[in-house]
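Student: Pasting data.tsv here (TSV, C-alpha atoms):
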chain	number	residue	atom	x	y	z
Y	252	MET	CA	0.00	0.00	0.00
Y	253	ILE	CA	1.22	3.45	-0.89
Y	254	VAL	CA	-0.18	6.52	0.90
Y	255	ARG	CA	0.41	10.05	-0.36
Y	256	ASP	CA	-0.83	13.46	0.70
Y	257	LEU	CA	-1.59	16.19	-1.83
Y	258	ALA	CA	-0.23	18.90	0.50
Y	259	LYS	CA	3.17	17.17	0.66
Y	260	ALA	CA	3.18	16.19	-3.01
Y	261	GLU	CA	2.64	19.85	-3.94
Y	262	GLN	CA	6.01	20.58	-2.32
Y	263	SER	CA	7.75	17.99	-4.51
Y	264	GLU	CA	8.61	17.25	-8.13
Y	265	ARG	CA	5.14	15.77	-8.45
Y	266	LYS	CA	3.75	19.29	-8.97
Y	267	ILE	CA	4.09	20.64	-12.51
Y	268	VAL	CA	3.22	24.30	-13.14
Y	269	SER	CA	2.45	25.49	-16.65
Y	270	GLU	CA	0.50	28.24	-18.40
Y	271	GLY	CA	-3.05	28.41	-17.04
Y	272	TRP	CA	-2.80	25.25	-14.95
Y	273	ASP	CA	-0.81	23.23	-12.46
Y	274	SER	CA	-1.05	19.52	-11.78
Y	275	THR	CA	0.11	17.39	-8.88
Y	276	ARG	CA	0.60	13.82	-9.99
Y	277	LEU	CA	-0.23	11.48	-7.13
Y	278	ILE	CA	0.09	8.23	-9.11
Y	279	LEU	CA	2.54	7.79	-11.98
Y	280	LYS	CA	3.73	5.05	-14.33
Y	281	ASP	CA	6.36	4.00	-11.82
Y	282	ASP	CA	3.60	2.88	-9.42
Y	283	ASN	CA	2.52	0.14	-11.85
Y	284	MET	CA	-1.20	0.80	-11.45
Y	285	GLY	CA	-1.87	0.98	-15.20
Y	286	PHE	CA	-3.13	4.58	-14.88
Y	287	SER	CA	-1.96	7.87	-13.45
Y	288	PHE	CA	-4.01	10.12	-11.16
Y	289	HIS	CA	-3.53	13.86	-10.85
Y	290	ILE	CA	-5.15	16.73	-8.98
Y	291	THR	CA	-5.12	19.57	-11.46
Y	292	THR	CA	-5.93	23.25	-10.91
Y	293	ILE	CA	-7.17	25.22	-13.89
Y	294	PHE	CA	-6.61	28.91	-13.21
Y	295	LYS	CA	-9.51	31.38	-13.41
Y	296	ASP	CA	-10.10	32.57	-16.99
Y	297	ALA	CA	-7.70	30.01	-18.49
Y	298	GLU	CA	-8.53	28.69	-21.97
Y	299	LEU	CA	-6.65	25.50	-22.83
Y	300	HIS	CA	-6.60	23.94	-26.31
Y	301	LEU	CA	-5.98	20.25	-25.73
Y	302	HIS	CA	-5.71	17.10	-27.79
Y	303	TYR	CA	-4.41	14.01	-26.00
Y	304	GLN	CA	-3.55	11.96	-29.05
Y	305	ASN	CA	-1.52	9.48	-27.02
Y	306	HIS	CA	-3.75	9.08	-23.96
Y	307	LEU	CA	-7.29	8.40	-22.81
Y	308	GLU	CA	-8.26	10.81	-20.03
Y	309	SER	CA	-11.16	11.40	-17.66
Y	310	VAL	CA	-11.60	14.67	-15.77
Y	311	TYR	CA	-13.87	14.93	-12.71
Y	312	CYS	CA	-14.69	18.39	-11.33
Y	313	VAL	CA	-14.17	18.62	-7.57
Y	314	SER	CA	-14.72	22.40	-7.34
Y	315	GLY	CA	-15.18	25.45	-9.53
Y	316	THR	CA	-17.03	26.10	-12.77
Y	317	GLY	CA	-16.22	26.32	-16.45
Y	318	SER	CA	-16.90	24.51	-19.71
Y	319	VAL	CA	-15.45	22.05	-22.17
Y	320	GLU	CA	-15.99	22.46	-25.91
Y	321	ASP	CA	-15.96	19.32	-28.05
Y	322	LEU	CA	-14.36	20.45	-31.30
Y	323	ALA	CA	-15.73	17.45	-33.24
Y	324	THR	CA	-19.34	18.45	-32.58
Y	325	GLY	CA	-19.13	22.09	-31.47
Y	326	GLU	CA	-21.02	21.18	-28.28
Y	327	VAL	CA	-20.16	23.13	-25.13
Y	328	HIS	CA	-20.69	21.21	-21.88
Y	329	GLN	CA	-20.95	23.12	-18.63
Y	330	ILE	CA	-18.60	22.00	-15.85
Y	331	LYS	CA	-19.46	22.21	-12.17
Y	332	PRO	CA	-18.70	19.98	-9.16
Y	333	GLY	CA	-19.82	16.41	-9.90
Y	334	VAL	CA	-19.45	16.67	-13.68
Y	335	ILE	CA	-17.00	14.32	-15.40
Y	336	TYR	CA	-15.89	14.49	-19.01
Y	337	ILE	CA	-14.37	11.43	-20.59
Y	338	LEU	CA	-12.09	11.72	-23.61
Y	339	ASP	CA	-12.73	8.25	-25.00
Y	340	LYS	CA	-11.94	9.24	-28.58
Y	341	HIS	CA	-8.79	11.32	-27.97
Y	342	ASP	CA	-11.19	14.22	-28.44
Y	343	LYS	CA	-9.80	17.59	-29.45
Y	344	HIS	CA	-11.27	20.09	-26.99
Y	345	ILE	CA	-11.08	23.52	-25.38
Y	346	LEU	CA	-11.27	23.74	-21.60
Y	347	ARG	CA	-12.34	27.09	-20.14
Y	348	ALA	CA	-12.36	28.05	-16.47
Y	349	THR	CA	-14.92	30.61	-15.30
Y	350	THR	CA	-13.53	30.30	-11.78
Y	351	GLU	CA	-10.52	28.35	-10.56
Y	352	MET	CA	-11.33	24.66	-11.01
Y	353	LYS	CA	-9.94	21.63	-9.15
Y	354	MET	CA	-10.09	18.47	-11.22
Y	355	ALA	CA	-9.31	14.81	-10.49
Y	356	CYS	CA	-7.76	13.45	-13.69
Y	357	VAL	CA	-6.99	9.86	-14.71
Y	358	PHE	CA	-4.73	9.01	-17.66
Y	359	ASN	CA	-4.29	5.73	-19.49
Y	360	PRO	CA	-1.51	4.99	-20.25
Y	361	PRO	CA	-0.07	6.58	-17.09
Y	362	LEU	CA	2.14	9.65	-17.33
Y	363	ASN	CA	5.82	9.32	-16.47
Y	364	GLY	CA	5.85	12.53	-14.47
Y	365	LYS	CA	7.29	15.56	-16.22
Y	366	GLU	CA	4.96	15.89	-19.20
Y	367	VAL	CA	3.75	19.28	-20.33
Y	368	HIS	CA	1.62	19.85	-23.44
Y	369	ASP	CA	3.39	20.03	-26.78
Y	370	GLU	CA	2.41	22.46	-29.54
Y	371	THR	CA	-0.51	20.24	-30.59
Y	372	GLY	CA	-2.00	20.13	-27.05
Y	373	ALA	CA	-0.84	16.54	-26.48
Y	374	TYR	CA	1.41	14.94	-23.90
Y	375	PRO	CA	4.28	12.92	-25.37
Y	376	LEU	CA	4.30	9.19	-24.59
Y	377	GLU	CA	7.78	9.39	-23.12
Y	378	ALA	CA	8.95	11.91	-20.54
Y	379	GLU	CA	11.23	12.19	-17.54
Y	380	THR	CA	10.09	9.94	-14.72
Y	381	VAL	CA	9.11	11.15	-11.26
Y	382	SER	CA	9.05	8.72	-8.34
Y	383	ASP	CA	9.54	8.88	-4.58
Q	149	MET	CA	-16.48	12.67	-25.58
Q	150	ILE	CA	-18.80	11.43	-22.87
Q	151	VAL	CA	-20.10	13.84	-20.20
Q	152	ARG	CA	-21.85	12.63	-17.06
Q	153	ASP	CA	-23.14	14.37	-13.95
Q	154	LEU	CA	-22.92	12.73	-10.52
Q	155	ALA	CA	-26.33	14.14	-9.51
Q	156	LYS	CA	-28.02	12.42	-12.47
Q	157	ALA	CA	-25.98	9.23	-12.19
Q	158	GLU	CA	-27.08	8.90	-8.55
Q	159	GLN	CA	-30.65	8.57	-9.85
Q	160	SER	CA	-29.66	5.67	-12.12
Q	161	GLU	CA	-28.39	2.10	-12.02
Q	162	ARG	CA	-24.90	3.55	-11.71
Q	163	LYS	CA	-25.48	4.00	-7.96
Q	164	ILE	CA	-24.92	0.88	-5.88
Q	165	VAL	CA	-25.90	0.96	-2.20
Q	166	SER	CA	-24.47	-1.58	0.23
Q	167	GLU	CA	-23.71	-1.92	3.92
Q	168	GLY	CA	-21.74	1.08	5.15
Q	169	TRP	CA	-21.19	2.60	1.70
Q	170	ASP	CA	-22.65	3.59	-1.61
Q	171	SER	CA	-20.84	4.10	-4.88
Q	172	THR	CA	-21.83	5.87	-8.08
Q	173	ARG	CA	-19.86	4.50	-11.00
Q	174	LEU	CA	-19.24	7.26	-13.50
Q	175	ILE	CA	-16.96	5.25	-15.81
Q	176	LEU	CA	-17.34	1.50	-16.34
Q	177	LYS	CA	-15.81	-1.25	-18.48
Q	178	ASP	CA	-18.28	-0.54	-21.25
Q	179	ASP	CA	-16.65	2.89	-21.77
Q	180	ASN	CA	-13.40	1.24	-22.91
Q	181	MET	CA	-11.16	3.56	-20.89
Q	182	GLY	CA	-9.17	0.71	-19.31
Q	183	PHE	CA	-10.22	1.81	-15.80
Q	184	SER	CA	-13.41	2.60	-13.93
Q	185	PHE	CA	-14.03	5.72	-11.84
Q	186	HIS	CA	-16.46	5.93	-8.94
Q	187	ILE	CA	-17.53	8.50	-6.38
Q	188	THR	CA	-17.99	6.49	-3.20
Q	189	THR	CA	-19.53	7.56	0.09
Q	190	ILE	CA	-18.36	5.76	3.21
Q	191	PHE	CA	-20.98	6.22	5.90
Q	192	LYS	CA	-20.01	7.68	9.31
Q	193	ASP	CA	-18.69	4.97	11.68
Q	194	ALA	CA	-18.51	2.34	8.92
Q	195	GLU	CA	-15.75	-0.28	9.20
Q	196	LEU	CA	-15.13	-2.14	5.95
Q	197	HIS	CA	-12.88	-5.20	5.66
Q	198	LEU	CA	-11.66	-5.21	2.07
Q	199	HIS	CA	-9.36	-7.27	-0.10
Q	200	TYR	CA	-9.47	-6.55	-3.83
Q	201	GLN	CA	-7.77	-9.70	-5.02
Q	202	ASN	CA	-8.84	-9.13	-8.62
Q	203	HIS	CA	-8.26	-5.39	-8.95
Q	204	LEU	CA	-5.78	-2.61	-8.38
Q	205	GLU	CA	-7.47	0.38	-6.75
Q	206	SER	CA	-6.63	3.94	-5.75
Q	207	VAL	CA	-8.81	5.95	-3.35
Q	208	TYR	CA	-8.54	9.75	-3.10
Q	209	CYS	CA	-10.31	11.51	-0.23
Q	210	VAL	CA	-12.40	14.47	-1.39
Q	211	SER	CA	-14.05	15.13	1.99
Q	212	GLY	CA	-14.37	13.63	5.46
Q	213	THR	CA	-11.97	11.86	7.78
Q	214	GLY	CA	-11.13	8.31	8.75
Q	215	SER	CA	-8.32	5.80	8.49
Q	216	VAL	CA	-7.06	2.83	6.52
Q	217	GLU	CA	-5.30	-0.06	8.25
Q	218	ASP	CA	-2.81	-2.06	6.20
Q	219	LEU	CA	-3.20	-5.62	7.50
Q	220	ALA	CA	0.18	-6.70	6.10
Q	221	THR	CA	2.07	-4.21	8.28
Q	222	GLY	CA	-0.45	-3.19	10.95
Q	223	GLU	CA	0.10	0.45	10.01
Q	224	VAL	CA	-2.88	2.79	10.33
Q	225	HIS	CA	-2.87	5.75	7.94
Q	226	GLN	CA	-5.05	8.76	8.67
Q	227	ILE	CA	-7.37	9.84	5.88
Q	228	LYS	CA	-8.40	13.46	5.30
Q	229	PRO	CA	-9.07	15.52	2.17
Q	230	GLY	CA	-6.07	15.29	-0.19
Q	231	VAL	CA	-4.89	11.89	1.04
Q	232	ILE	CA	-4.77	9.04	-1.48
Q	233	TYR	CA	-4.15	5.39	-0.71
Q	234	ILE	CA	-3.02	3.11	-3.47
Q	235	LEU	CA	-3.60	-0.64	-3.26
Q	236	ASP	CA	-0.73	-1.65	-5.53
Q	237	LYS	CA	-0.32	-5.08	-3.92
Q	238	HIS	CA	-4.01	-6.09	-3.69
Q	239	ASP	CA	-3.52	-5.11	-0.03
Q	240	LYS	CA	-5.89	-6.53	2.56
Q	241	HIS	CA	-7.12	-3.55	4.56
Q	242	ILE	CA	-9.73	-2.12	6.91
Q	243	LEU	CA	-11.29	1.23	6.03
Q	244	ARG	CA	-12.85	3.19	8.88
Q	245	ALA	CA	-14.89	6.39	8.60
Q	246	THR	CA	-14.82	8.84	11.52
Q	247	THR	CA	-17.17	11.10	9.58
Q	248	GLU	CA	-18.90	10.46	6.28
Q	249	MET	CA	-16.19	10.35	3.60
Q	250	LYS	CA	-16.45	11.06	-0.12
Q	251	MET	CA	-13.81	9.23	-2.14
Q	252	ALA	CA	-12.81	9.27	-5.82
Q	253	CYS	CA	-11.90	5.67	-6.66
Q	254	VAL	CA	-10.16	4.23	-9.71
Q	255	PHE	CA	-10.16	0.49	-10.49
Q	256	ASN	CA	-8.01	-1.46	-12.94
Q	257	PRO	CA	-9.40	-3.59	-14.52
Q	258	PRO	CA	-12.62	-1.57	-14.71
Q	259	LEU	CA	-15.74	-2.76	-12.96
Q	260	ASN	CA	-18.68	-3.96	-15.07
Q	261	GLY	CA	-21.20	-2.12	-12.95
Q	262	LYS	CA	-23.10	-4.20	-10.43
Q	263	GLU	CA	-20.28	-5.52	-8.27
Q	264	VAL	CA	-20.66	-5.69	-4.51
Q	265	HIS	CA	-18.06	-7.20	-2.18
Q	266	ASP	CA	-18.06	-10.97	-1.76
Q	267	GLU	CA	-17.41	-12.70	1.56
Q	268	THR	CA	-13.65	-12.19	1.23
Q	269	GLY	CA	-13.99	-8.41	0.69
Q	270	ALA	CA	-13.24	-8.69	-3.04
Q	271	TYR	CA	-15.18	-7.73	-6.14
Q	272	PRO	CA	-15.64	-10.57	-8.62
Q	273	LEU	CA	-14.04	-10.08	-12.05
Q	274	GLU	CA	-17.36	-10.63	-13.81
Q	275	ALA	CA	-20.63	-8.93	-12.93
Q	276	GLU	CA	-23.72	-7.53	-14.59
Q	277	THR	CA	-22.90	-4.65	-16.88
Q	278	VAL	CA	-24.28	-1.13	-16.48
Q	279	SER	CA	-24.19	1.27	-19.41
Q	280	ASP	CA	-26.23	4.24	-20.64
Would you give me this structure, written as structure tokens?

Tutor:
Amino acid sequence: MIVRDLAKAEQSERKIVSEGWDSTRLILKDDNMGFSFHITTIFKDAELHLHYQNHLESVYCVSGTGSVEDLATGEVHQIKPGVIYILDKHDKHILRATTEMKMACVFNPPLNGKEVHDETGAYPLEAETVSD
Amino acid sequence: MIVRDLAKAEQSERKIVSEGWDSTRLILKDDNMGFSFHITTIFKDAELHLHYQNHLESVYCVSGTGSVEDLATGEVHQIKPGVIYILDKHDKHILRATTEMKMACVFNPPLNGKEVHDETGAYPLEAETVSD
């Protein structure tokens, strides 16, 4: 059994800060769970153009409000606590934060640790590993 | 892209109620994500003896307090918001809720939908499927 605490993990290499968001990665590839699990903060007024071509991802809203636009259909889905969006088709999307949002994210395959989005809005399959 | 809302899912077959807990399964095997994702409520004062022999599971505390006892080591880990425990060794454990706890749970392999714990504290690998 592994036990981790977000407050401690935020003080470590597990926290990645980028433009409009930060993400603290509580489970990574190195844990051999077959998925990674992150608590991600989307900053107020951020607009992120994303396209996870190499990963399946689900995003559950713990707090805050915003929207996700599905670029395949043009649909805009409102996000509030309790809403989950599931990128089962590597969906190209735009995530917008009306307020700061806290999201619980799961990736398959798991992230290595140091990934940030490339110019296409994807995470690369390989990246520097983070472990305890 | 699939979008679901916990409030609606709680009114559907996705919500399973058992002794000491309920769980609303927002992602299941049928979604082909390679994991399932559940928002689980552990009722105040519940004590659950669990042993997921067929699954890897992670449990992130969104709200509430309690503890998890690792029966392999005897260690008791306090649970509060931001704490995650990761059953990477199919760890036999006891989960105790001091207050009601809301947990975001990820299972690999994904659950089918209707699983409840068997007499050993495990979920069976096969169970009735729930889908939209």

Student: Up to 6 Å from (-21.5, 16.0, -23.6) in the file's coordinates: name the residues, counting all atoms listed in the file, as a ChimeraX atom specification.

Tutor: /Y:328 /Q:150-151

Student: To box segment 189-205 of chain Q, take all atoms listed in the file, fit an axis-aligned box, add 3 Å on each side, and give centre and edge lengths in Å to one decimal, as AutoDock Vina command-line options.

Tutor:
--center_x -13.4 --center_y -1.0 --center_z 1.4 --size_x 21.2 --size_y 23.4 --size_z 26.6

Student: Which residue is closest to Leu235 of chain Q? Choose from Y:Asn283, Y:Ser309, Y:Gln304, Y:Thr316 and count all atoms listed in the file.

Tutor: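 Using all atoms listed in the file, the shortest distance to Leu235 of chain Q belongs to Y:Asn283.
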
Student: Select, from Y:Gly317, Y:Gly333, Y:Gly325, Y:Gly364, the residue with the minimum atom-to-atom distance to chain Q, counting all atoms listed in the file.

Tutor: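 Looking only at the distances to chain Q, the closest residue turns out to be Y:Gly333.
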
Student: When the cut-off is 8 Å and we count only C-alpha atoms, which residues of chain Q are near chain Y, given as a list in words?

Tutor: Met149, Ile150, Val151, Arg152, Asp153, Leu154, Ala155, Leu174, Asp179, Asn180, Met181, Gly182, Phe183, Leu204, Glu205, Val210, Asp218, His225, Gly230, Val231, Ile232, Tyr233, Ile234, Leu235, Asp236, Lys237, Asp239 and Asn256 of chain Q

Student: Both chains have the same sequence, so superpose chain Y on chain Q over all Cα atoms paired in order and return it as a PDB file with C-alpha atoms, keeping the file's coordinate frame.

Tutor:
ATOM      1  CA  MET Y 252     -16.470  12.675 -25.582  1.00  0.00           C
ATOM      2  CA  ILE Y 253     -18.791  11.449 -22.882  1.00  0.00           C
ATOM      3  CA  VAL Y 254     -20.100  13.850 -20.216  1.00  0.00           C
ATOM      4  CA  ARG Y 255     -21.838  12.638 -17.068  1.00  0.00           C
ATOM      5  CA  ASP Y 256     -23.135  14.350 -13.957  1.00  0.00           C
ATOM      6  CA  LEU Y 257     -22.918  12.717 -10.535  1.00  0.00           C
ATOM      7  CA  ALA Y 258     -26.320  14.130  -9.508  1.00  0.00           C
ATOM      8  CA  LYS Y 259     -28.016  12.419 -12.470  1.00  0.00           C
ATOM      9  CA  ALA Y 260     -25.964   9.234 -12.191  1.00  0.00           C
ATOM     10  CA  GLU Y 261     -27.069   8.897  -8.556  1.00  0.00           C
ATOM     11  CA  GLN Y 262     -30.637   8.566  -9.851  1.00  0.00           C
ATOM     12  CA  SER Y 263     -29.660   5.669 -12.129  1.00  0.00           C
ATOM     13  CA  GLU Y 264     -28.386   2.098 -12.020  1.00  0.00           C
ATOM     14  CA  ARG Y 265     -24.904   3.554 -11.718  1.00  0.00           C
ATOM     15  CA  LYS Y 266     -25.478   4.001  -7.968  1.00  0.00           C
ATOM     16  CA  ILE Y 267     -24.936   0.868  -5.880  1.00  0.00           C
ATOM     17  CA  VAL Y 268     -25.923   0.958  -2.197  1.00  0.00           C
ATOM     18  CA  SER Y 269     -24.486  -1.581   0.215  1.00  0.00           C
ATOM     19  CA  GLU Y 270     -23.725  -1.931   3.920  1.00  0.00           C
ATOM     20  CA  GLY Y 271     -21.750   1.080   5.151  1.00  0.00           C
ATOM     21  CA  TRP Y 272     -21.178   2.582   1.711  1.00  0.00           C
ATOM     22  CA  ASP Y 273     -22.660   3.578  -1.614  1.00  0.00           C
ATOM     23  CA  SER Y 274     -20.844   4.104  -4.886  1.00  0.00           C
ATOM     24  CA  THR Y 275     -21.826   5.875  -8.079  1.00  0.00           C
ATOM     25  CA  ARG Y 276     -19.868   4.502 -10.994  1.00  0.00           C
ATOM     26  CA  LEU Y 277     -19.245   7.261 -13.512  1.00  0.00           C
ATOM     27  CA  ILE Y 278     -16.959   5.249 -15.817  1.00  0.00           C
ATOM     28  CA  LEU Y 279     -17.339   1.507 -16.353  1.00  0.00           C
ATOM     29  CA  LYS Y 280     -15.808  -1.248 -18.477  1.00  0.00           C
ATOM     30  CA  ASP Y 281     -18.278  -0.521 -21.251  1.00  0.00           C
ATOM     31  CA  ASP Y 282     -16.659   2.906 -21.772  1.00  0.00           C
ATOM     32  CA  ASN Y 283     -13.408   1.261 -22.913  1.00  0.00           C
ATOM     33  CA  MET Y 284     -11.156   3.564 -20.899  1.00  0.00           C
ATOM     34  CA  GLY Y 285      -9.167   0.720 -19.318  1.00  0.00           C
ATOM     35  CA  PHE Y 286     -10.234   1.820 -15.811  1.00  0.00           C
ATOM     36  CA  SER Y 287     -13.415   2.591 -13.934  1.00  0.00           C
ATOM     37  CA  PHE Y 288     -14.028   5.717 -11.846  1.00  0.00           C
ATOM     38  CA  HIS Y 289     -16.456   5.913  -8.952  1.00  0.00           C
ATOM     39  CA  ILE Y 290     -17.532   8.487  -6.388  1.00  0.00           C
ATOM     40  CA  THR Y 291     -17.981   6.492  -3.221  1.00  0.00           C
ATOM     41  CA  THR Y 292     -19.521   7.558   0.094  1.00  0.00           C
ATOM     42  CA  ILE Y 293     -18.363   5.753   3.209  1.00  0.00           C
ATOM     43  CA  PHE Y 294     -20.982   6.220   5.914  1.00  0.00           C
ATOM     44  CA  LYS Y 295     -20.025   7.673   9.308  1.00  0.00           C
ATOM     45  CA  ASP Y 296     -18.691   4.981  11.665  1.00  0.00           C
ATOM     46  CA  ALA Y 297     -18.512   2.332   8.924  1.00  0.00           C
ATOM     47  CA  GLU Y 298     -15.740  -0.271   9.210  1.00  0.00           C
ATOM     48  CA  LEU Y 299     -15.118  -2.134   5.955  1.00  0.00           C
ATOM     49  CA  HIS Y 300     -12.875  -5.205   5.664  1.00  0.00           C
ATOM     50  CA  LEU Y 301     -11.666  -5.209   2.076  1.00  0.00           C
ATOM     51  CA  HIS Y 302      -9.361  -7.259  -0.098  1.00  0.00           C
ATOM     52  CA  TYR Y 303      -9.479  -6.554  -3.831  1.00  0.00           C
ATOM     53  CA  GLN Y 304      -7.766  -9.702  -5.013  1.00  0.00           C
ATOM     54  CA  ASN Y 305      -8.845  -9.142  -8.607  1.00  0.00           C
ATOM     55  CA  HIS Y 306      -8.273  -5.392  -8.939  1.00  0.00           C
ATOM     56  CA  LEU Y 307      -5.776  -2.606  -8.374  1.00  0.00           C
ATOM     57  CA  GLU Y 308      -7.480   0.385  -6.755  1.00  0.00           C
ATOM     58  CA  SER Y 309      -6.633   3.941  -5.749  1.00  0.00           C
ATOM     59  CA  VAL Y 310      -8.802   5.940  -3.349  1.00  0.00           C
ATOM     60  CA  TYR Y 311      -8.543   9.742  -3.101  1.00  0.00           C
ATOM     61  CA  CYS Y 312     -10.312  11.512  -0.222  1.00  0.00           C
ATOM     62  CA  VAL Y 313     -12.407  14.462  -1.393  1.00  0.00           C
ATOM     63  CA  SER Y 314     -14.057  15.125   1.995  1.00  0.00           C
ATOM     64  CA  GLY Y 315     -14.373  13.641   5.461  1.00  0.00           C
ATOM     65  CA  THR Y 316     -11.967  11.867   7.786  1.00  0.00           C
ATOM     66  CA  GLY Y 317     -11.128   8.317   8.754  1.00  0.00           C
ATOM     67  CA  SER Y 318      -8.306   5.800   8.491  1.00  0.00           C
ATOM     68  CA  VAL Y 319      -7.067   2.830   6.529  1.00  0.00           C
ATOM     69  CA  GLU Y 320      -5.299  -0.062   8.248  1.00  0.00           C
ATOM     70  CA  ASP Y 321      -2.787  -2.055   6.208  1.00  0.00           C
ATOM     71  CA  LEU Y 322      -3.190  -5.605   7.488  1.00  0.00           C
ATOM     72  CA  ALA Y 323       0.205  -6.694   6.098  1.00  0.00           C
ATOM     73  CA  THR Y 324       2.090  -4.210   8.276  1.00  0.00           C
ATOM     74  CA  GLY Y 325      -0.425  -3.196  10.955  1.00  0.00           C
ATOM     75  CA  GLU Y 326       0.104   0.463  10.004  1.00  0.00           C
ATOM     76  CA  VAL Y 327      -2.878   2.799  10.344  1.00  0.00           C
ATOM     77  CA  HIS Y 328      -2.861   5.756   7.938  1.00  0.00           C
ATOM     78  CA  GLN Y 329      -5.032   8.757   8.687  1.00  0.00           C
ATOM     79  CA  ILE Y 330      -7.371   9.856   5.890  1.00  0.00           C
ATOM     80  CA  LYS Y 331      -8.396  13.453   5.310  1.00  0.00           C
ATOM     81  CA  PRO Y 332      -9.075  15.521   2.168  1.00  0.00           C
ATOM     82  CA  GLY Y 333      -6.077  15.299  -0.180  1.00  0.00           C
ATOM     83  CA  VAL Y 334      -4.890  11.893   1.039  1.00  0.00           C
ATOM     84  CA  ILE Y 335      -4.764   9.041  -1.478  1.00  0.00           C
ATOM     85  CA  TYR Y 336      -4.152   5.392  -0.701  1.00  0.00           C
ATOM     86  CA  ILE Y 337      -3.025   3.108  -3.473  1.00  0.00           C
ATOM     87  CA  LEU Y 338      -3.594  -0.639  -3.268  1.00  0.00           C
ATOM     88  CA  ASP Y 339      -0.730  -1.660  -5.535  1.00  0.00           C
ATOM     89  CA  LYS Y 340      -0.319  -5.078  -3.932  1.00  0.00           C
ATOM     90  CA  HIS Y 341      -3.996  -6.092  -3.674  1.00  0.00           C
ATOM     91  CA  ASP Y 342      -3.520  -5.108  -0.041  1.00  0.00           C
ATOM     92  CA  LYS Y 343      -5.875  -6.530   2.555  1.00  0.00           C
ATOM     93  CA  HIS Y 344      -7.120  -3.547   4.560  1.00  0.00           C
ATOM     94  CA  ILE Y 345      -9.721  -2.107   6.915  1.00  0.00           C
ATOM     95  CA  LEU Y 346     -11.291   1.229   6.030  1.00  0.00           C
ATOM     96  CA  ARG Y 347     -12.852   3.191   8.896  1.00  0.00           C
ATOM     97  CA  ALA Y 348     -14.886   6.380   8.605  1.00  0.00           C
ATOM     98  CA  THR Y 349     -14.807   8.830  11.514  1.00  0.00           C
ATOM     99  CA  THR Y 350     -17.166  11.098   9.589  1.00  0.00           C
ATOM    100  CA  GLU Y 351     -18.906  10.484   6.280  1.00  0.00           C
ATOM    101  CA  MET Y 352     -16.199  10.343   3.611  1.00  0.00           C
ATOM    102  CA  LYS Y 353     -16.445  11.063  -0.130  1.00  0.00           C
ATOM    103  CA  MET Y 354     -13.818   9.222  -2.132  1.00  0.00           C
ATOM    104  CA  ALA Y 355     -12.807   9.265  -5.808  1.00  0.00           C
ATOM    105  CA  CYS Y 356     -11.901   5.664  -6.647  1.00  0.00           C
ATOM    106  CA  VAL Y 357     -10.178   4.221  -9.726  1.00  0.00           C
ATOM    107  CA  PHE Y 358     -10.170   0.490 -10.506  1.00  0.00           C
ATOM    108  CA  ASN Y 359      -8.022  -1.458 -12.933  1.00  0.00           C
ATOM    109  CA  PRO Y 360      -9.382  -3.585 -14.508  1.00  0.00           C
ATOM    110  CA  PRO Y 361     -12.612  -1.558 -14.724  1.00  0.00           C
ATOM    111  CA  LEU Y 362     -15.746  -2.762 -12.965  1.00  0.00           C
ATOM    112  CA  ASN Y 363     -18.673  -3.954 -15.064  1.00  0.00           C
ATOM    113  CA  GLY Y 364     -21.206  -2.108 -12.947  1.00  0.00           C
ATOM    114  CA  LYS Y 365     -23.110  -4.203 -10.436  1.00  0.00           C
ATOM    115  CA  GLU Y 366     -20.291  -5.522  -8.261  1.00  0.00           C
ATOM    116  CA  VAL Y 367     -20.674  -5.695  -4.512  1.00  0.00           C
ATOM    117  CA  HIS Y 368     -18.073  -7.217  -2.176  1.00  0.00           C
ATOM    118  CA  ASP Y 369     -18.070 -10.977  -1.752  1.00  0.00           C
ATOM    119  CA  GLU Y 370     -17.437 -12.708   1.578  1.00  0.00           C
ATOM    120  CA  THR Y 371     -13.672 -12.196   1.238  1.00  0.00           C
ATOM    121  CA  GLY Y 372     -14.003  -8.406   0.694  1.00  0.00           C
ATOM    122  CA  ALA Y 373     -13.242  -8.694  -3.034  1.00  0.00           C
ATOM    123  CA  TYR Y 374     -15.174  -7.737  -6.138  1.00  0.00           C
ATOM    124  CA  PRO Y 375     -15.637 -10.578  -8.626  1.00  0.00           C
ATOM    125  CA  LEU Y 376     -14.045 -10.102 -12.056  1.00  0.00           C
ATOM    126  CA  GLU Y 377     -17.356 -10.643 -13.804  1.00  0.00           C
ATOM    127  CA  ALA Y 378     -20.623  -8.927 -12.935  1.00  0.00           C
ATOM    128  CA  GLU Y 379     -23.730  -7.536 -14.575  1.00  0.00           C
ATOM    129  CA  THR Y 380     -22.907  -4.646 -16.874  1.00  0.00           C
ATOM    130  CA  VAL Y 381     -24.269  -1.126 -16.482  1.00  0.00           C
ATOM    131  CA  SER Y 382     -24.196   1.280 -19.421  1.00  0.00           C
ATOM    132  CA  ASP Y 383     -26.232   4.243 -20.639  1.00  0.00           C
TER     133      ASP Y 383
END

Student: Distance cut-off 7 Å, centre (-19.3, -2.2, -20.4) in file coordinates, counting all atoms listed in the file: which residues qualify? Return them as a list of chain:residue names.

Tutor: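 Counting all atoms listed in the file, I find these residues within 7 Å of (-19.3, -2.2, -20.4): Q:Leu176, Q:Lys177, Q:Asp178, Q:Asp179, Q:Asn260, Q:Thr277, Q:Val278, Q:Ser279.
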
Student: By how many Å are atom CA of Glu195 of chain Q and atom CA of Ile242 of chain Q apart?

Tutor: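 Interatomic distance, atom CA of Glu195 of chain Q to atom CA of Ile242 of chain Q: 6.7 Å.
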
Student: Report, in Å with one decimal, the straight-line distance from atom CA of Asp193 of chain Q to atom CA of Val264 of chain Q.

Tutor: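 Straight-line distance from atom CA of Asp193 of chain Q to atom CA of Val264 of chain Q works out to 19.5 Å.
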
Student: With distances taken over only C-alpha atoms, which of Q:Gln159, Q:Ser166, Q:Thr268, Q:Thr172 is nearest to His186 of chain Q?

Tutor: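 When distances to His186 of chain Q are compared using only C-alpha atoms, the smallest one comes from Q:Thr172.
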